[in-house]
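**Student:** I have a structure I would like to understand better, so I am pasting it below and will then ask my questions one at a time.
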Amino acid sequence: MTQKWNAAAALAAMGLSLTGGVASAQQKLAPKKQLTAQAPAAAEALLRTPEGYKLKETPFPDFGYMVSTQDYLNKYSDQPIFRLKTDFPTVKPKKQPDFVQKIDFRKNPKEYLLAVRDYSFDGNLPDWDPFKNTKRGWYHIPWLHPSTEGPNAYPPNGGTEGFHGLIKEAPLSPLQLGPGQKGKDGGYSVYAITLVNDMAGYTLGRMWADPNNPDPRATDRRYGGGFPPGTVFAKLLFTDAPQGDDQLPFMQNPLQWTAYITENFWKSSKRIVTKVNLLQMDIAVRDTRADGPGGTGWVFGTFAYNGQVNNPNKFLNLVPVGMMWGNDPDNKVNTTNPFPPTETKVNPDLKETVIFPSKELPPQHLGWNGRLNGPADLNTTSCLSCHNAAQYPAVSSLVPDGAVPDGGPKPPPQGGTAEWMKWFQNVPAGTSMDQRVYSTDFSFQVAIALTNFFTVKGKELQGNWASDYQLAPVPITRGFPD
Ligand code: HEC
């Protein structure tokens with residue numbers, strides 16, 4: 001009963017009725033009293049928007065998973081509703097970000113990384129909402145809302161949630177973050193939300209110019225595609241760890257968001273409203289000074305959250321971990337730092353990764369033989385060894401055989417073999433690791449988006465494409481159940 005009443009009242013407050021059509025101005029105002037009596041928070045939120053209901057603003061759905069409209073209005077209306085921003089620039093922006101022009105990332109890597117952070121924060125804090133950014137245009141990647149389906153589906157019950165647009169990303173292995181993280185049944189999860197700057201937005205606009213017929217050539221160099229120099233991606237990663245008896249000192253004093261996520265990573269498809277804690281921030285910059293040899297054309301960097309830094313602006317508790325622009329393809333030494341990480345072991349032999357140990361930096365496991373990887377990432381890979389494999393359709397797995405399960409006391413026996421080293425080459429920007437398929441130019445979200453789109457479109461058209469039978473697809477997966 002109450003549910004029905006609320007739905008009708010909510011629609012009425014937005015200027016609509018259940019029978020359709022826009023209500024008159026008088027009707028719009030009428031339900032104020034009723035609403036206030038029944039659901040004060042919801043009523044206030046709605047009545048604050050004098051323009052009323054906004055018709056669907058993008059051709060793409062905003063999110064995939066959310067509590068019911070009634071529950072949102074009654075219980076969570078103090079929380080944001082995620083809106084996808086896809087008003088991409090149609091003309092290539094003229095100016096690259098200042099740091100790309102002014103700071104040499106090889107000479108002053110930390111300065112560069114902090115400048116990327118400041119640029120990504122500028123106008124996007126505290127809500128990480130590009131609609132509120134009055135300084136610069138930032139955008140989202142469309143088509144991350146559905147759960148990938150089929151035999152190769154990953155992650156289970158993924159797809160974005162409706163408070164902050166967080167996409168289900170990866171499980172955490174026990175002890176991955178530190179000695180105090182034993183884990184929970186079904187596993188802790190990592191969820192993330194990425195913003196892209198105007199340069200990236202321009203390329204996405206070309207890809208999605210026709211929202212019903214995306215063009216994968218937009219990110220592939222062979223067709224004149226690829227993200228332009230000055231492209232920046234910035235991604236915040238959140239986790240539901242630690243819970244129960246688990247303790248992680250650097251996760252005290254957390255930056256928390258409310259999110260609608262699965263109870264655990266692997267076993268449950270039931271979504272719950274719960275708090276998640278900021279764990280990591282990743283950035284990726286297309287910088288021509290990183291073009292090979294000795295680089296990929298991309299600079300990747302990461303930050304780890306440390307609540308004990310205790311900055312009043314909690315986003316500034318993100319401590320730089322390191323940066324990489326190449327995979328050090330000639331270095332085949334097979335070592336890993338086992339879980340749990342207790343100290344950050346820097347490998348001084350690497351020429352294309354730099355790590356910034358400091359007293360603020362929580363102990364890091366890093367990646368294979370000390371290459372850069374973040375707290376939520378595998379200790380057997382690196383940012384770029386994985387992102388090399390971003391392509392559509394996905395036919396190269398993200399990690400070499402033996403890279404998972406990760407975290408064990410010994411490095412994988414395959415480490416350093418010719419087959420393994422295929423993932424540690426410096427694949428140039430806009431180039432696919434496998435020439436048969438399109439490069440999504442180091443962006444996995446673009447690869448996931450295209451996979452989602454064509455899966456859904458095939459179903460809608462009730463048909464298949466012959467091209468799908470040419471290649472054996474692989475899941476865009478980072479892990480397997482323990
Ligand atoms: C095991 C594979 C893997 C590793 C290692 C990895 N990533 Fe990713 N990354 C992904 C996948 C898959 C996505 C897309 C889904 C998502 O957002 O999580 C992604 C998304 C991203 C994005 C959003 C843009 C995009 O579309 O790709 C950024 C930025 C990023 N990663 C940076 C990093 C950085 C920096 C590191 C190292 C600290 C790193 N990644 C390590 C697999 C990986």
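All residue names refer to the structure tokens as shown: chains lettered A, B, ... in order, residues numbered from 1 in each chain, ligands numbered from 1 in order.
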Would you mind listing what lies within 8 Å of segment 343-348 of chain A as a PyMOL selection string, with only C-alpha atoms counted and same-chain residues fewer than 6 positions away left out?

**Tutor:** chain A and resi 337+355+357+363-366+369-371

**Student:** Given the selection you just returned, output its residues as a file containing N, CA and C atoms, formatted as a compact mmCIF listing (two decimals), in the first residue's frame.

**Tutor:**
```
# COMPACT_ATOMS: atom_id res chain seq x y z
N ASN A 337 56.74 -10.09 -4.12
CA ASN A 337 56.62 -9.89 -2.67
C ASN A 337 55.34 -10.55 -2.20
N ILE A 355 59.24 4.01 -7.75
CA ILE A 355 58.42 3.86 -6.54
C ILE A 355 58.85 4.94 -5.55
N PRO A 357 58.94 5.35 -1.85
CA PRO A 357 58.77 4.93 -0.46
C PRO A 357 58.78 6.17 0.45
N PRO A 363 52.88 -0.22 3.79
CA PRO A 363 53.68 -1.23 3.09
C PRO A 363 52.94 -1.77 1.87
N GLN A 364 53.66 -1.85 0.73
CA GLN A 364 53.06 -2.26 -0.54
C GLN A 364 53.69 -3.56 -1.04
N HIS A 365 52.86 -4.43 -1.65
CA HIS A 365 53.42 -5.65 -2.26
C HIS A 365 53.98 -5.37 -3.65
N LEU A 366 53.52 -4.28 -4.29
CA LEU A 366 53.89 -3.92 -5.66
C LEU A 366 53.61 -5.07 -6.63
N ASN A 369 58.38 -8.48 -9.75
CA ASN A 369 59.76 -8.00 -9.60
C ASN A 369 59.82 -6.50 -9.30
N GLY A 370 58.84 -6.03 -8.55
CA GLY A 370 58.86 -4.65 -8.07
C GLY A 370 58.28 -3.63 -9.04
N ARG A 371 57.72 -4.09 -10.18
CA ARG A 371 57.05 -3.14 -11.08
C ARG A 371 55.83 -2.56 -10.36
```

**Student:** Counting only C-alpha atoms, what is within 9 Å of Cys383 of chain A, bar same-chain residues fewer than 5 positions away, as a PDB file with N, CA, C and O atoms, in the first residue's frame?

**Tutor:**
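Output contents, as saved in selection.pdb:
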```pdb
ATOM      1  N   PHE A 300      51.320   5.544 -16.198  1.00  0.00           N
ATOM      2  CA  PHE A 300      50.357   5.069 -15.211  1.00  0.00           C
ATOM      3  C   PHE A 300      50.911   5.330 -13.811  1.00  0.00           C
ATOM      4  O   PHE A 300      52.110   5.165 -13.578  1.00  0.00           O
ATOM      5  N   GLY A 301      50.042   5.731 -12.907  1.00  0.00           N
ATOM      6  CA  GLY A 301      50.499   6.000 -11.544  1.00  0.00           C
ATOM      7  C   GLY A 301      49.441   5.619 -10.541  1.00  0.00           C
ATOM      8  O   GLY A 301      48.257   5.496 -10.885  1.00  0.00           O
ATOM      9  N   MET A 324      54.783   4.335 -13.674  1.00  0.00           N
ATOM     10  CA  MET A 324      55.494   3.536 -14.691  1.00  0.00           C
ATOM     11  C   MET A 324      55.060   3.984 -16.069  1.00  0.00           C
ATOM     12  O   MET A 324      53.931   4.420 -16.267  1.00  0.00           O
ATOM     13  N   ASN A 327      57.304  -1.438 -19.352  1.00  0.00           N
ATOM     14  CA  ASN A 327      57.284  -2.704 -18.607  1.00  0.00           C
ATOM     15  C   ASN A 327      58.673  -3.275 -18.336  1.00  0.00           C
ATOM     16  O   ASN A 327      58.784  -4.414 -17.897  1.00  0.00           O
ATOM     17  N   GLY A 367      54.168  -4.968  -7.851  1.00  0.00           N
ATOM     18  CA  GLY A 367      53.882  -5.983  -8.868  1.00  0.00           C
ATOM     19  C   GLY A 367      55.068  -6.903  -9.111  1.00  0.00           C
ATOM     20  O   GLY A 367      55.979  -6.972  -8.273  1.00  0.00           O
ATOM     21  N   ARG A 371      57.724  -4.093 -10.178  1.00  0.00           N
ATOM     22  CA  ARG A 371      57.052  -3.135 -11.076  1.00  0.00           C
ATOM     23  C   ARG A 371      55.832  -2.565 -10.364  1.00  0.00           C
ATOM     24  O   ARG A 371      55.336  -3.137  -9.387  1.00  0.00           O
ATOM     25  N   LEU A 372      55.328  -1.459 -10.916  1.00  0.00           N
ATOM     26  CA  LEU A 372      54.222  -0.801 -10.225  1.00  0.00           C
ATOM     27  C   LEU A 372      52.926  -1.608 -10.281  1.00  0.00           C
ATOM     28  O   LEU A 372      52.520  -2.079 -11.347  1.00  0.00           O
ATOM     29  N   ASN A 373      52.302  -1.782  -9.146  1.00  0.00           N
ATOM     30  CA  ASN A 373      50.922  -2.250  -9.021  1.00  0.00           C
ATOM     31  C   ASN A 373      50.368  -1.673  -7.730  1.00  0.00           C
ATOM     32  O   ASN A 373      51.122  -1.373  -6.813  1.00  0.00           O
ATOM     33  N   GLY A 374      49.066  -1.532  -7.658  1.00  0.00           N
ATOM     34  CA  GLY A 374      48.461  -0.918  -6.486  1.00  0.00           C
ATOM     35  C   GLY A 374      48.058  -1.954  -5.446  1.00  0.00           C
ATOM     36  O   GLY A 374      48.126  -3.157  -5.704  1.00  0.00           O
ATOM     37  N   ASP A 377      45.787  -4.596  -6.607  1.00  0.00           N
ATOM     38  CA  ASP A 377      46.225  -5.345  -7.791  1.00  0.00           C
ATOM     39  C   ASP A 377      47.062  -6.568  -7.419  1.00  0.00           C
ATOM     40  O   ASP A 377      47.546  -6.694  -6.306  1.00  0.00           O
ATOM     41  N   ASN A 388      48.198  -3.334 -21.409  1.00  0.00           N
ATOM     42  CA  ASN A 388      48.613  -3.741 -22.754  1.00  0.00           C
ATOM     43  C   ASN A 388      47.522  -4.509 -23.481  1.00  0.00           C
ATOM     44  O   ASN A 388      47.420  -4.452 -24.690  1.00  0.00           O
TER      45      ASN A 388
END
```

**Student:** For ligand 1, return the neighbouring residues as a list in words (distance at most 6 Å; only C-alpha atoms and all ligand atoms).

**Tutor:**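 Counting only what the definition allows, namely only C-alpha atoms and all ligand atoms, the set is Glu169, Ala192, Thr194, Phe233, Ala234, Lys235, Asp282, Ile283, Ala284, Phe300, Gly301, Thr302, Leu372, Asn373, Gly374, Asp377, Leu378, Thr381, Ser382, Cys383, Cys386, His387, Leu398, Ser443, Phe444, Gln445, Val446, Ile476 and Arg478 of chain A.
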
**Student:** Mind writing the picked residues with C-alpha atoms as an mmCIF file, in the first residue's frame?

**Tutor:**
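Output (out_18.cif):
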```cif
data_model
loop_
_atom_site.group_PDB
_atom_site.id
_atom_site.type_symbol
_atom_site.label_atom_id
_atom_site.label_comp_id
_atom_site.auth_asym_id
_atom_site.auth_seq_id
_atom_site.Cartn_x
_atom_site.Cartn_y
_atom_site.Cartn_z
ATOM 1 C CA GLU A 169 35.957 -4.572 -10.246
ATOM 2 C CA ALA A 192 35.694 1.879 -8.798
ATOM 3 C CA THR A 194 36.624 6.634 -13.409
ATOM 4 C CA PHE A 233 41.930 9.010 -16.713
ATOM 5 C CA ALA A 234 41.461 9.219 -12.944
ATOM 6 C CA LYS A 235 39.895 6.391 -11.028
ATOM 7 C CA ASP A 282 44.846 5.223 -10.258
ATOM 8 C CA ILE A 283 45.756 7.642 -13.004
ATOM 9 C CA ALA A 284 46.685 7.161 -16.651
ATOM 10 C CA PHE A 300 50.357 5.069 -15.211
ATOM 11 C CA GLY A 301 50.499 6.000 -11.544
ATOM 12 C CA THR A 302 48.884 5.044 -8.281
ATOM 13 C CA LEU A 372 54.222 -0.801 -10.225
ATOM 14 C CA ASN A 373 50.922 -2.250 -9.021
ATOM 15 C CA GLY A 374 48.461 -0.918 -6.486
ATOM 16 C CA ASP A 377 46.225 -5.345 -7.791
ATOM 17 C CA LEU A 378 48.049 -8.641 -8.255
ATOM 18 C CA THR A 381 51.703 -8.341 -12.866
ATOM 19 C CA SER A 382 51.985 -4.591 -13.376
ATOM 20 C CA CYS A 383 49.645 -1.790 -14.372
ATOM 21 C CA CYS A 386 47.643 -5.771 -17.849
ATOM 22 C CA HIS A 387 46.542 -2.640 -19.716
ATOM 23 C CA LEU A 398 44.817 -9.867 -19.035
ATOM 24 C CA SER A 443 41.401 1.363 -21.668
ATOM 25 C CA PHE A 444 39.671 -1.680 -20.220
ATOM 26 C CA GLN A 445 36.518 0.241 -19.480
ATOM 27 C CA VAL A 446 36.198 0.944 -23.195
ATOM 28 C CA ILE A 476 38.185 -9.517 -19.088
ATOM 29 C CA ARG A 478 41.477 -10.306 -13.019
#
```

**Student:** Give me, as a list in words, all polymer residues having an atom no more than 8 Å from segment 54-62 of chain A, counting only C-alpha atoms and skipping those fewer than 3 positions away in the same chain.

**Tutor:**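 In the requested form, the answer reads Glu51, Phe82, Arg83, Leu84, Lys85, Thr86, Asp87, Pro142, Trp143, His145, Gly162, Gly165 and Pro211 of chain A.
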
**Student:** Quick check for you: according to DSSP on this backbone, which residues of segment 127-265 of chain A are classed as alpha helix (DSSP H)? Reply as a ChimeraX atom specification.

**Tutor:** /A:198-207

**Student:** Can you write out the residues you just picked, keeping N, CA and C atoms, as a short mmCIF file (atom, residue, chain, number, x, y, z; two decimals), in the first residue's frame?

**Tutor:**
```
data_model
loop_
_atom_site.label_atom_id
_atom_site.label_comp_id
_atom_site.auth_asym_id
_atom_site.auth_seq_id
_atom_site.Cartn_x
_atom_site.Cartn_y
_atom_site.Cartn_z
N ASP A 198 38.81 16.09 -20.98
CA ASP A 198 38.23 16.49 -22.27
C ASP A 198 38.88 15.80 -23.47
N MET A 199 40.21 15.58 -23.40
CA MET A 199 40.90 14.92 -24.52
C MET A 199 40.33 13.51 -24.72
N ALA A 200 40.19 12.78 -23.62
CA ALA A 200 39.63 11.43 -23.69
C ALA A 200 38.18 11.51 -24.16
N GLY A 201 37.47 12.52 -23.66
CA GLY A 201 36.07 12.70 -24.02
C GLY A 201 35.89 12.88 -25.51
N TYR A 202 36.84 13.57 -26.13
CA TYR A 202 36.76 13.78 -27.58
C TYR A 202 36.76 12.43 -28.32
N THR A 203 37.66 11.54 -27.92
CA THR A 203 37.74 10.22 -28.57
C THR A 203 36.50 9.38 -28.28
N LEU A 204 36.02 9.45 -27.04
CA LEU A 204 34.80 8.71 -26.72
C LEU A 204 33.62 9.23 -27.53
N GLY A 205 33.62 10.54 -27.75
CA GLY A 205 32.56 11.14 -28.57
C GLY A 205 32.59 10.60 -30.00
N ARG A 206 33.79 10.37 -30.51
CA ARG A 206 33.89 9.81 -31.87
C ARG A 206 33.43 8.35 -31.87
N MET A 207 33.81 7.63 -30.82
CA MET A 207 33.41 6.23 -30.75
C MET A 207 31.89 6.08 -30.67
#
```

**Student:** I'd like the neighbourhood of segment 112-120 of chain A as a JSON list (two decimals) with all heavy atoms, in the first residue's frame, where a residue qualifies if any of its atoms comes within 8 Å (using only C-alpha atoms), though same-chain residues fewer than 2 positions away should be ignored.

**Tutor:**
```json
[["chain", "number", "residue", "atom", "x", "y", "z"],
["A", 97, "PRO", "N", 46.91, 19.40, -20.65],
["A", 97, "PRO", "CA", 47.08, 19.87, -19.28],
["A", 97, "PRO", "C", 48.50, 20.41, -19.07],
["A", 97, "PRO", "O", 49.45, 19.91, -19.67],
["A", 97, "PRO", "CB", 46.88, 18.60, -18.43],
["A", 97, "PRO", "CG", 46.16, 17.64, -19.30],
["A", 97, "PRO", "CD", 46.50, 17.99, -20.72],
["A", 99, "PHE", "N", 50.75, 20.14, -16.77],
["A", 99, "PHE", "CA", 51.87, 19.28, -16.31],
["A", 99, "PHE", "C", 52.48, 18.49, -17.47],
["A", 99, "PHE", "O", 53.65, 18.18, -17.46],
["A", 99, "PHE", "CB", 51.43, 18.36, -15.17],
["A", 99, "PHE", "CG", 50.32, 17.41, -15.56],
["A", 99, "PHE", "CD1", 50.60, 16.22, -16.20],
["A", 99, "PHE", "CD2", 49.00, 17.72, -15.28],
["A", 99, "PHE", "CE1", 49.60, 15.34, -16.57],
["A", 99, "PHE", "CE2", 47.98, 16.85, -15.65],
["A", 99, "PHE", "CZ", 48.28, 15.67, -16.30],
["A", 103, "ILE", "N", 56.22, 19.48, -16.93],
["A", 103, "ILE", "CA", 57.01, 18.63, -16.03],
["A", 103, "ILE", "C", 57.50, 17.38, -16.77],
["A", 103, "ILE", "O", 56.71, 16.67, -17.40],
["A", 103, "ILE", "CB", 56.19, 18.21, -14.79],
["A", 103, "ILE", "CG1", 55.57, 19.44, -14.12],
["A", 103, "ILE", "CG2", 57.05, 17.44, -13.80],
["A", 103, "ILE", "CD1", 54.63, 19.13, -12.97],
["A", 104, "ASP", "N", 58.80, 17.14, -16.69],
["A", 104, "ASP", "CA", 59.38, 15.96, -17.31],
["A", 104, "ASP", "C", 59.20, 14.79, -16.34],
["A", 104, "ASP", "O", 59.81, 14.77, -15.26],
["A", 104, "ASP", "CB", 60.87, 16.23, -17.58],
["A", 104, "ASP", "CG", 61.55, 15.06, -18.28],
["A", 104, "ASP", "OD1", 61.06, 13.92, -18.16],
["A", 104, "ASP", "OD2", 62.58, 15.30, -18.94],
["A", 105, "PHE", "N", 58.39, 13.79, -16.72],
["A", 105, "PHE", "CA", 58.05, 12.74, -15.74],
["A", 105, "PHE", "C", 59.25, 11.86, -15.41],
["A", 105, "PHE", "O", 59.27, 11.23, -14.36],
["A", 105, "PHE", "CB", 56.86, 11.90, -16.22],
["A", 105, "PHE", "CG", 57.12, 11.08, -17.44],
["A", 105, "PHE", "CD1", 57.80, 9.87, -17.35],
["A", 105, "PHE", "CD2", 56.69, 11.51, -18.68],
["A", 105, "PHE", "CE1", 58.05, 9.11, -18.48],
["A", 105, "PHE", "CE2", 56.94, 10.76, -19.82],
["A", 105, "PHE", "CZ", 57.63, 9.56, -19.72],
["A", 108, "ASN", "N", 61.34, 14.42, -12.88],
["A", 108, "ASN", "CA", 60.63, 14.79, -11.65],
["A", 108, "ASN", "C", 59.33, 13.99, -11.51],
["A", 108, "ASN", "O", 58.23, 14.55, -11.56],
["A", 108, "ASN", "CB", 60.29, 16.28, -11.66],
["A", 108, "ASN", "CG", 61.52, 17.15, -11.67],
["A", 108, "ASN", "OD1", 62.40, 16.99, -10.83],
["A", 108, "ASN", "ND2", 61.61, 18.03, -12.64],
["A", 109, "PRO", "N", 59.49, 12.66, -11.35],
["A", 109, "PRO", "CA", 58.30, 11.81, -11.41],
["A", 109, "PRO", "C", 57.26, 12.11, -10.31],
["A", 109, "PRO", "O", 56.07, 12.13, -10.61],
["A", 109, "PRO", "CB", 58.86, 10.39, -11.25],
["A", 109, "PRO", "CG", 60.24, 10.54, -10.72],
["A", 109, "PRO", "CD", 60.72, 11.87, -11.18],
["A", 110, "LYS", "N", 57.73, 12.39, -9.11],
["A", 110, "LYS", "CA", 56.76, 12.60, -8.04],
["A", 110, "LYS", "C", 56.00, 13.91, -8.25],
["A", 110, "LYS", "O", 54.78, 13.98, -8.04],
["A", 110, "LYS", "CB", 57.46, 12.61, -6.68],
["A", 110, "LYS", "CG", 56.52, 12.36, -5.53],
["A", 110, "LYS", "CD", 57.31, 12.07, -4.27],
["A", 110, "LYS", "CE", 56.42, 11.78, -3.09],
["A", 110, "LYS", "NZ", 57.20, 11.47, -1.89],
["A", 122, "ASP", "N", 40.88, 18.99, -9.26],
["A", 122, "ASP", "CA", 40.45, 20.37, -9.45],
["A", 122, "ASP", "C", 39.00, 20.45, -9.98],
["A", 122, "ASP", "O", 38.74, 20.10, -11.12],
["A", 122, "ASP", "CB", 41.41, 21.07, -10.42],
["A", 122, "ASP", "CG", 41.28, 22.57, -10.39],
["A", 122, "ASP", "OD1", 40.73, 23.10, -9.39],
["A", 122, "ASP", "OD2", 41.71, 23.23, -11.36],
["A", 124, "ASN", "N", 36.55, 18.60, -9.18],
["A", 124, "ASN", "CA", 35.82, 17.34, -9.04],
["A", 124, "ASN", "C", 35.57, 16.93, -7.58],
["A", 124, "ASN", "O", 34.80, 15.99, -7.32],
["A", 124, "ASN", "CB", 36.56, 16.19, -9.75],
["A", 124, "ASN", "CG", 36.49, 16.32, -11.26],
["A", 124, "ASN", "OD1", 35.48, 16.79, -11.80],
["A", 124, "ASN", "ND2", 37.55, 15.92, -11.95],
["A", 234, "ALA", "N", 41.23, 9.24, -14.39],
["A", 234, "ALA", "CA", 41.46, 9.22, -12.94],
["A", 234, "ALA", "C", 40.39, 8.36, -12.31],
["A", 234, "ALA", "O", 39.20, 8.57, -12.53],
["A", 234, "ALA", "CB", 41.42, 10.63, -12.38],
["A", 283, "ILE", "N", 45.82, 6.66, -11.91],
["A", 283, "ILE", "CA", 45.76, 7.64, -13.00],
["A", 283, "ILE", "C", 46.45, 7.07, -14.24],
["A", 283, "ILE", "O", 47.33, 6.22, -14.13],
["A", 283, "ILE", "CB", 46.37, 9.00, -12.62],
["A", 283, "ILE", "CG1", 47.83, 8.87, -12.19],
["A", 283, "ILE", "CG2", 45.58, 9.67, -11.50],
["A", 283, "ILE", "CD1", 48.84, 9.13, -13.24],
["A", 301, "GLY", "N", 50.04, 5.73, -12.91],
["A", 301, "GLY", "CA", 50.50, 6.00, -11.54],
["A", 301, "GLY", "C", 49.44, 5.62, -10.54],
["A", 301, "GLY", "O", 48.26, 5.50, -10.88],
["A", 320, "PRO", "N", 51.30, 8.93, -2.70],
["A", 320, "PRO", "CA", 51.85, 8.39, -3.96],
["A", 320, "PRO", "C", 52.59, 7.07, -3.74],
["A", 320, "PRO", "O", 53.39, 6.95, -2.81],
["A", 320, "PRO", "CB", 52.84, 9.45, -4.42],
["A", 320, "PRO", "CG", 52.59, 10.65, -3.59],
["A", 320, "PRO", "CD", 51.85, 10.24, -2.36],
["A", 323, "MET", "N", 55.01, 5.29, -10.22],
["A", 323, "MET", "CA", 54.61, 5.59, -11.58],
["A", 323, "MET", "C", 55.37, 4.67, -12.53],
["A", 323, "MET", "O", 56.49, 4.25, -12.23],
["A", 323, "MET", "CB", 55.01, 7.05, -11.87],
["A", 323, "MET", "CG", 53.95, 7.84, -12.58],
["A", 323, "MET", "SD", 54.30, 9.60, -12.46],
["A", 323, "MET", "CE", 55.75, 9.76, -13.44]]
```

**Student:** Restricting the calculation to only C-alpha atoms, which member of A:Lys107, A:Gln247, A:Leu195, A:Val395 is positioned closest to Val354 of chain A?

**Tutor:**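 Between A:Lys107, A:Gln247, A:Leu195, A:Val395, the residue approaching Val354 of chain A most closely is A:Lys107.
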
**Student:** Out of A:Gln462, A:Gln470, A:Ser439, A:Thr342, which residue has the shortest atom-to-atom distance to Pro216 of chain A when counting only C-alpha atoms?

**Tutor:**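 Of the candidates, the smallest distance to Pro216 of chain A is held by A:Ser439.
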
**Student:** Please report the interatomic distance between atom CA of Phe88 of chain A and atom CA of Asn197 of chain A in Å with one decimal.

**Tutor:**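 Here the two named atoms are 9.7 Å from each other.
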
**Student:** Residues of segment 281-368 of chain A within 10 Å of segment 421-424 of chain A: nearest atom pair and distance (Å, one decimal) for each, counting only C-alpha atoms, sorted by chain and number, as a tab-separated table?

**Tutor:**
```
residue	atom	partner	partner_atom	distance
A:Gly326	CA	A:Phe424	CA	8.4
A:Asn327	CA	A:Phe424	CA	5.2
A:Asp328	CA	A:Phe424	CA	7.1
A:Pro329	CA	A:Phe424	CA	5.4
A:Asp330	CA	A:Phe424	CA	8.7
A:Asn331	CA	A:Phe424	CA	9.1
A:Lys332	CA	A:Met421	CA	7.6
A:Trp368	CA	A:Phe424	CA	9.8
```

**Student:** So which bits of segment 161-327 of chain A end up strand (DSSP E or B) when you DSSP the backbone, as a PyMOL selection string?

**Tutor:** chain A and resi 161+167-171+189-197+232-239+256-262+271-286+298-305+318-324

**Student:** Dump as CSV the rows for residues of segment 43-117 of chain A within 12 Å of segment 261-277 of chain A: closest atom pair and distance in Å with one decimal, only C-alpha atoms counted, ordered by chain and rising residue number.

**Tutor:**
```
residue,atom,partner,partner_atom,distance
A:Gly64,CA,A:Ile261,CA,11.2
A:Tyr65,CA,A:Arg271,CA,8.2
A:Met66,CA,A:Arg271,CA,8.4
A:Val67,CA,A:Val273,CA,8.1
A:Ser68,CA,A:Val273,CA,11.6
A:Asp71,CA,A:Val273,CA,10.8
A:Tyr72,CA,A:Val273,CA,10.6
A:Lys75,CA,A:Val273,CA,10.6
A:Tyr76,CA,A:Val273,CA,9.4
A:Gln79,CA,A:Val273,CA,11.2
```

**Student:** Thr219 of chain A: which residues within 7 Å, counting only C-alpha atoms, same-chain residues fewer than 3 positions away excluded, as a list in words?

**Tutor:** Pro216, Gly225, Gly226, Phe227, Gly430, Ser439, Thr440 and Asp441 of chain A

**Student:** Go ahead and save the residues from that selection, with N, CA and C atoms, as a PDB file, in the first residue's frame.

**Tutor:**
```
ATOM      1  N   PRO A 216      34.685   1.078 -32.922  1.00  0.00           N
ATOM      2  CA  PRO A 216      35.911   0.730 -32.180  1.00  0.00           C
ATOM      3  C   PRO A 216      37.179   1.267 -32.838  1.00  0.00           C
ATOM      4  N   GLY A 225      42.962   6.302 -35.072  1.00  0.00           N
ATOM      5  CA  GLY A 225      42.345   6.491 -33.754  1.00  0.00           C
ATOM      6  C   GLY A 225      43.359   6.479 -32.626  1.00  0.00           C
ATOM      7  N   GLY A 226      42.859   6.553 -31.412  1.00  0.00           N
ATOM      8  CA  GLY A 226      43.700   6.567 -30.218  1.00  0.00           C
ATOM      9  C   GLY A 226      43.391   7.801 -29.403  1.00  0.00           C
ATOM     10  N   PHE A 227      43.567   7.694 -28.087  1.00  0.00           N
ATOM     11  CA  PHE A 227      43.348   8.859 -27.225  1.00  0.00           C
ATOM     12  C   PHE A 227      44.433   9.897 -27.510  1.00  0.00           C
ATOM     13  N   GLY A 430      47.563   2.815 -28.603  1.00  0.00           N
ATOM     14  CA  GLY A 430      46.651   2.641 -29.735  1.00  0.00           C
ATOM     15  C   GLY A 430      46.892   1.360 -30.525  1.00  0.00           C
ATOM     16  N   SER A 439      42.474  -2.254 -30.934  1.00  0.00           N
ATOM     17  CA  SER A 439      43.021  -1.745 -29.677  1.00  0.00           C
ATOM     18  C   SER A 439      41.999  -0.799 -29.056  1.00  0.00           C
ATOM     19  N   THR A 440      41.787  -0.918 -27.751  1.00  0.00           N
ATOM     20  CA  THR A 440      40.995   0.109 -27.065  1.00  0.00           C
ATOM     21  C   THR A 440      41.943   1.073 -26.338  1.00  0.00           C
ATOM     22  N   ASP A 441      43.177   1.132 -26.851  1.00  0.00           N
ATOM     23  CA  ASP A 441      44.187   2.084 -26.386  1.00  0.00           C
ATOM     24  C   ASP A 441      44.351   2.094 -24.869  1.00  0.00           C
TER      25      ASP A 441
END
```

**Student:** Using only C-alpha atoms, determine which residues lie at most 8 Å from Gln96 of chain A, disregarding the query and same-chain residues fewer than 2 positions distant; provide the list as a list in words.

**Tutor:** Pro93, Lys94, Asp98, Val100, Gln101, Met199, Pro229, Gly230 and Thr231 of chain A

**Student:** What lies within 7 Å of Gln391 of chain A using only C-alpha atoms, ignoring chain neighbours under 3 positions off, as number ranges by chain?

**Tutor:** A: 394, 432, 437-440, 447
